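A.B. asks: To start, I am sharing the structure in question, which I have written as structure tokens.
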Amino acid sequence: MDGAWKIYTPGERWRGGPAHEIRAILATAGHTAVGYRLPVLELIRTHDEAGVVGHLGPDLLGPDWDAGEALRRLLADPARPLGEALLDQRNLAGIGNIYKSELCFLARVTPWLPTGALPAPERLVAAAKRVLEANRDNPGRRRTTLPALTAPLYVYGRSGRPCLRCGTPVRQADQGDGSRLRPTYWCPRCQSGPAPAGPASDRRAP
Ligand SMILES: [Zn+2]
């Protein structure tokens with residue numbers, strides 16, 4: 001989930017990032033859409049759209065956000081590890097690998113907890129929307145912690161560093177279905193639930 005589209009009106013200053021990160025500019029008389037850091041860009045005809053985005057779950061930042069449907073999809077496979085279910089864009093569209101770890105921390109469960117065991121799942125969905133909305137205009141400065149804390153993120157990228165809540169070293173392990181493993185972070189003290197089956201590390205990242 002890298003990259004971002006920013007919409008500007010004529011005369012408005014472009015604030016989405018430095019010019020060298022711009023990958024595409026689409027303009028009409030009233031609006032200009034600027035694509036920053038896009039890894040992939042495909043142009044498709046309007047009548048083919050459903051075949052591309054029709055499988056996506058409710059968009060956390062979309063105008064037709066549907067919390068109930070997102071919750072239903074997220075919990076559809078109760079044995080699935082929460083971190084994998086959060087990243088699956090067919091459940092909720094918009095959560096990337098950073099927010100996956102951060103949202104599990106906020107929910108105080110490990111990313112390996114089966115979704116069926118998640119307490120108050122509706123609160124996690126609400127937190128996902130709140131966090132993404134709070135960060136939508138600052139894609140380069142992601143933050144899930146309170147502004148009073150020195151680090152912007154609770155656990156992501158903080159392997160071996162003290163948990164901001166309890167001081168225990170943050171751990172890191174890969175999570176995924178084998179075809180795509182993603183670095184995943186959690187606090188073994190603040191977050192309850194299973195730990196990964198494979199190797200985990202609390203070595204401090206260089
Ligand atoms: Zn902790």
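Letters A, B, ... mark the chains of the structure tokens in the order given; residue numbers begin at 1 per chain; ligand numbers begin at 1, in order shown.
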Give me the chain A side of the contact with ligand 1, cut-off 6 Å, one line per residue showing its nearest atom pair and distance in Å at one decimal, counting only C-alpha atoms and all ligand atoms, sorted by chain and residue number, as a Markdown table.

C.D. replies:
| residue | atom | partner | partner_atom_place_in_ligand_line | distance |
| --- | --- | --- | --- | --- |
| A:Cys163 | CA | ligand 1 | 1 (Zn) | 4.5 |
| A:Arg165 | CA | ligand 1 | 1 (Zn) | 5.0 |
| A:Cys166 | CA | ligand 1 | 1 (Zn) | 4.1 |
| A:Gly167 | CA | ligand 1 | 1 (Zn) | 5.9 |
| A:Thr168 | CA | ligand 1 | 1 (Zn) | 5.5 |
| A:Cys187 | CA | ligand 1 | 1 (Zn) | 4.7 |
| A:Arg189 | CA | ligand 1 | 1 (Zn) | 5.1 |
| A:Cys190 | CA | ligand 1 | 1 (Zn) | 4.1 |

A.B. asks: Might you pull out every residue within 12 Å of His20 (chain A), with only C-alpha atoms counted and same-chain residues fewer than 5 positions away left off, and present them as a list in words?

C.D. replies: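 Returned residues: Gly35, Tyr36, Arg37 and Leu38 of chain A.
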
A.B. asks: Using only C-alpha atoms, which of A:Ile98, A:Leu61, A:Ala70, A:Ala148 sits nearest Ala85 (chain A)?

C.D. replies: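 Under the stated criterion, the closest residue is A:Ala70.
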
A.B. asks: Within 12 Å of Asp177 (chain A), counting only C-alpha atoms, which residues qualify if same-chain residues fewer than 5 places away don't, as JSON, numbers by chain?

C.D. replies: {"A": [80, 81, 83, 84, 85, 87, 88, 182]}

A.B. asks: With N, CA and C atoms retained, export the selected residues as a PDB file, in the first residue's frame.

C.D. replies:
ATOM      1  N   ARG A  80      -8.323 -17.636  10.734  1.00  0.00           N
ATOM      2  CA  ARG A  80      -7.241 -16.917  10.072  1.00  0.00           C
ATOM      3  C   ARG A  80      -6.547 -15.958  11.040  1.00  0.00           C
ATOM      4  N   PRO A  81      -5.209 -15.901  11.010  1.00  0.00           N
ATOM      5  CA  PRO A  81      -4.509 -14.948  11.866  1.00  0.00           C
ATOM      6  C   PRO A  81      -4.936 -13.509  11.550  1.00  0.00           C
ATOM      7  N   GLY A  83      -3.477 -10.648  11.647  1.00  0.00           N
ATOM      8  CA  GLY A  83      -2.616  -9.813  10.802  1.00  0.00           C
ATOM      9  C   GLY A  83      -2.836 -10.080   9.322  1.00  0.00           C
ATOM     10  N   GLU A  84      -3.006 -11.349   8.960  1.00  0.00           N
ATOM     11  CA  GLU A  84      -3.257 -11.681   7.551  1.00  0.00           C
ATOM     12  C   GLU A  84      -4.622 -11.174   7.108  1.00  0.00           C
ATOM     13  N   ALA A  85      -5.621 -11.311   7.981  1.00  0.00           N
ATOM     14  CA  ALA A  85      -6.971 -10.854   7.627  1.00  0.00           C
ATOM     15  C   ALA A  85      -7.016  -9.338   7.459  1.00  0.00           C
ATOM     16  N   LEU A  87      -4.554  -7.453   6.409  1.00  0.00           N
ATOM     17  CA  LEU A  87      -3.851  -7.065   5.176  1.00  0.00           C
ATOM     18  C   LEU A  87      -4.631  -7.451   3.924  1.00  0.00           C
ATOM     19  N   ASP A  88      -5.549  -8.368   4.038  1.00  0.00           N
ATOM     20  CA  ASP A  88      -6.292  -8.857   2.876  1.00  0.00           C
ATOM     21  C   ASP A  88      -7.273  -7.781   2.416  1.00  0.00           C
ATOM     22  N   ARG A 182       5.690 -10.888   5.332  1.00  0.00           N
ATOM     23  CA  ARG A 182       5.858  -9.471   5.662  1.00  0.00           C
ATOM     24  C   ARG A 182       6.408  -9.331   7.077  1.00  0.00           C
TER      25      ARG A 182
END

A.B. asks: Based on DSSP run over this structure's backbone, return all residues of chain A in strand (DSSP E or B), as a short mmCIF file (atom, residue, chain, number, x, y, z; two decimals) with N, CA and C atoms, in the first residue's frame.

C.D. replies:
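What ended up in states-v3.cif:
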data_model
loop_
_atom_site.label_atom_id
_atom_site.label_comp_id
_atom_site.auth_asym_id
_atom_site.auth_seq_id
_atom_site.Cartn_x
_atom_site.Cartn_y
_atom_site.Cartn_z
N ALA A 4 0.35 7.43 -3.02
CA ALA A 4 -0.88 8.15 -2.67
C ALA A 4 -1.30 9.03 -3.83
N TRP A 5 -2.60 9.17 -3.99
CA TRP A 5 -3.15 10.16 -4.92
C TRP A 5 -3.60 11.37 -4.12
N LYS A 6 -3.26 12.55 -4.61
CA LYS A 6 -3.73 13.79 -3.99
C LYS A 6 -4.54 14.55 -5.03
N ILE A 7 -5.64 15.12 -4.60
CA ILE A 7 -6.51 15.89 -5.50
C ILE A 7 -6.36 17.37 -5.19
N TYR A 8 -6.09 18.16 -6.22
CA TYR A 8 -5.91 19.60 -6.03
C TYR A 8 -6.85 20.37 -6.93
N ILE A 22 6.60 12.27 -7.94
CA ILE A 22 5.38 12.28 -8.74
C ILE A 22 5.52 11.29 -9.90
N ARG A 23 4.54 10.40 -10.02
CA ARG A 23 4.58 9.38 -11.07
C ARG A 23 3.53 9.63 -12.15
N ALA A 24 2.46 10.34 -11.82
CA ALA A 24 1.40 10.55 -12.80
C ALA A 24 0.60 11.80 -12.43
N ILE A 25 0.13 12.50 -13.44
CA ILE A 25 -0.73 13.66 -13.23
C ILE A 25 -1.92 13.53 -14.17
N LEU A 26 -3.12 13.53 -13.61
CA LEU A 26 -4.35 13.46 -14.39
C LEU A 26 -5.14 14.73 -14.10
N ALA A 27 -5.57 15.44 -15.12
CA ALA A 27 -6.21 16.73 -14.87
C ALA A 27 -7.48 16.90 -15.68
N THR A 32 -7.03 18.41 -10.38
CA THR A 32 -5.83 17.71 -10.83
C THR A 32 -5.51 16.62 -9.81
N ALA A 33 -5.37 15.39 -10.31
CA ALA A 33 -5.00 14.28 -9.44
C ALA A 33 -3.52 13.98 -9.66
N VAL A 34 -2.75 14.04 -8.58
CA VAL A 34 -1.30 13.82 -8.67
C VAL A 34 -0.97 12.53 -7.92
N GLY A 35 -0.33 11.59 -8.63
CA GLY A 35 0.04 10.31 -8.02
C GLY A 35 1.48 10.32 -7.56
N TYR A 36 1.68 10.15 -6.25
CA TYR A 36 3.03 10.15 -5.67
C TYR A 36 3.47 8.71 -5.36
N ASP A 59 -13.82 0.28 1.49
CA ASP A 59 -12.66 1.17 1.52
C ASP A 59 -12.73 2.04 2.77
N PRO A 81 -5.21 -15.90 11.01
CA PRO A 81 -4.51 -14.95 11.87
C PRO A 81 -4.94 -13.51 11.55
N ALA A 93 -10.30 -2.49 2.57
CA ALA A 93 -9.32 -1.92 1.64
C ALA A 93 -8.66 -0.72 2.30
N VAL A 109 -3.68 -7.42 21.00
CA VAL A 109 -3.59 -8.84 20.65
C VAL A 109 -2.47 -9.01 19.64
N PRO A 114 -6.22 -15.85 16.08
CA PRO A 114 -7.28 -16.11 15.09
C PRO A 114 -8.37 -15.04 15.20
N SER A 159 11.89 -3.20 16.30
CA SER A 159 12.42 -4.46 16.85
C SER A 159 13.57 -4.20 17.81
N PRO A 162 12.45 -0.57 23.27
CA PRO A 162 11.45 -0.77 24.33
C PRO A 162 10.05 -0.38 23.89
N PRO A 169 11.22 -5.29 25.17
CA PRO A 169 11.69 -5.16 23.79
C PRO A 169 10.64 -5.65 22.79
N VAL A 170 10.43 -4.85 21.76
CA VAL A 170 9.49 -5.20 20.70
C VAL A 170 10.07 -6.35 19.89
N ARG A 171 9.22 -7.29 19.48
CA ARG A 171 9.69 -8.44 18.71
C ARG A 171 9.27 -8.31 17.25
N GLN A 172 9.99 -9.05 16.40
CA GLN A 172 9.70 -9.05 14.97
C GLN A 172 9.74 -10.48 14.45
N ALA A 173 8.81 -10.80 13.56
CA ALA A 173 8.82 -12.09 12.85
C ALA A 173 8.08 -11.89 11.53
N ASP A 174 8.31 -12.80 10.61
CA ASP A 174 7.59 -12.72 9.34
C ASP A 174 6.20 -13.32 9.50
N GLN A 175 5.25 -12.74 8.77
CA GLN A 175 3.90 -13.29 8.74
C GLN A 175 3.42 -13.29 7.29
N ARG A 182 5.69 -10.89 5.33
CA ARG A 182 5.86 -9.47 5.66
C ARG A 182 6.41 -9.33 7.08
N PRO A 183 7.38 -8.43 7.29
CA PRO A 183 7.89 -8.20 8.65
C PRO A 183 6.77 -7.68 9.55
N THR A 184 6.66 -8.30 10.71
CA THR A 184 5.53 -8.04 11.60
C THR A 184 6.06 -7.81 13.00
N TYR A 185 5.52 -6.85 13.70
CA TYR A 185 6.07 -6.40 14.99
C TYR A 185 4.99 -6.47 16.06
N TRP A 186 5.43 -6.82 17.29
CA TRP A 186 4.47 -6.83 18.39
C TRP A 186 5.20 -6.78 19.72
N SER A 192 -1.75 -10.03 23.87
CA SER A 192 -2.01 -11.43 24.18
C SER A 192 -2.35 -12.19 22.91
N SER A 201 12.52 -12.47 16.57
CA SER A 201 13.72 -11.77 16.98
C SER A 201 13.35 -10.52 17.77
#

A.B. asks: Identify which of the residues A:Val131, A:Ala117, A:Cys104, A:Leu56 lies closest to Pro188 (chain A), counting only C-alpha atoms when measuring atom-to-atom distances.

C.D. replies: A:Cys104
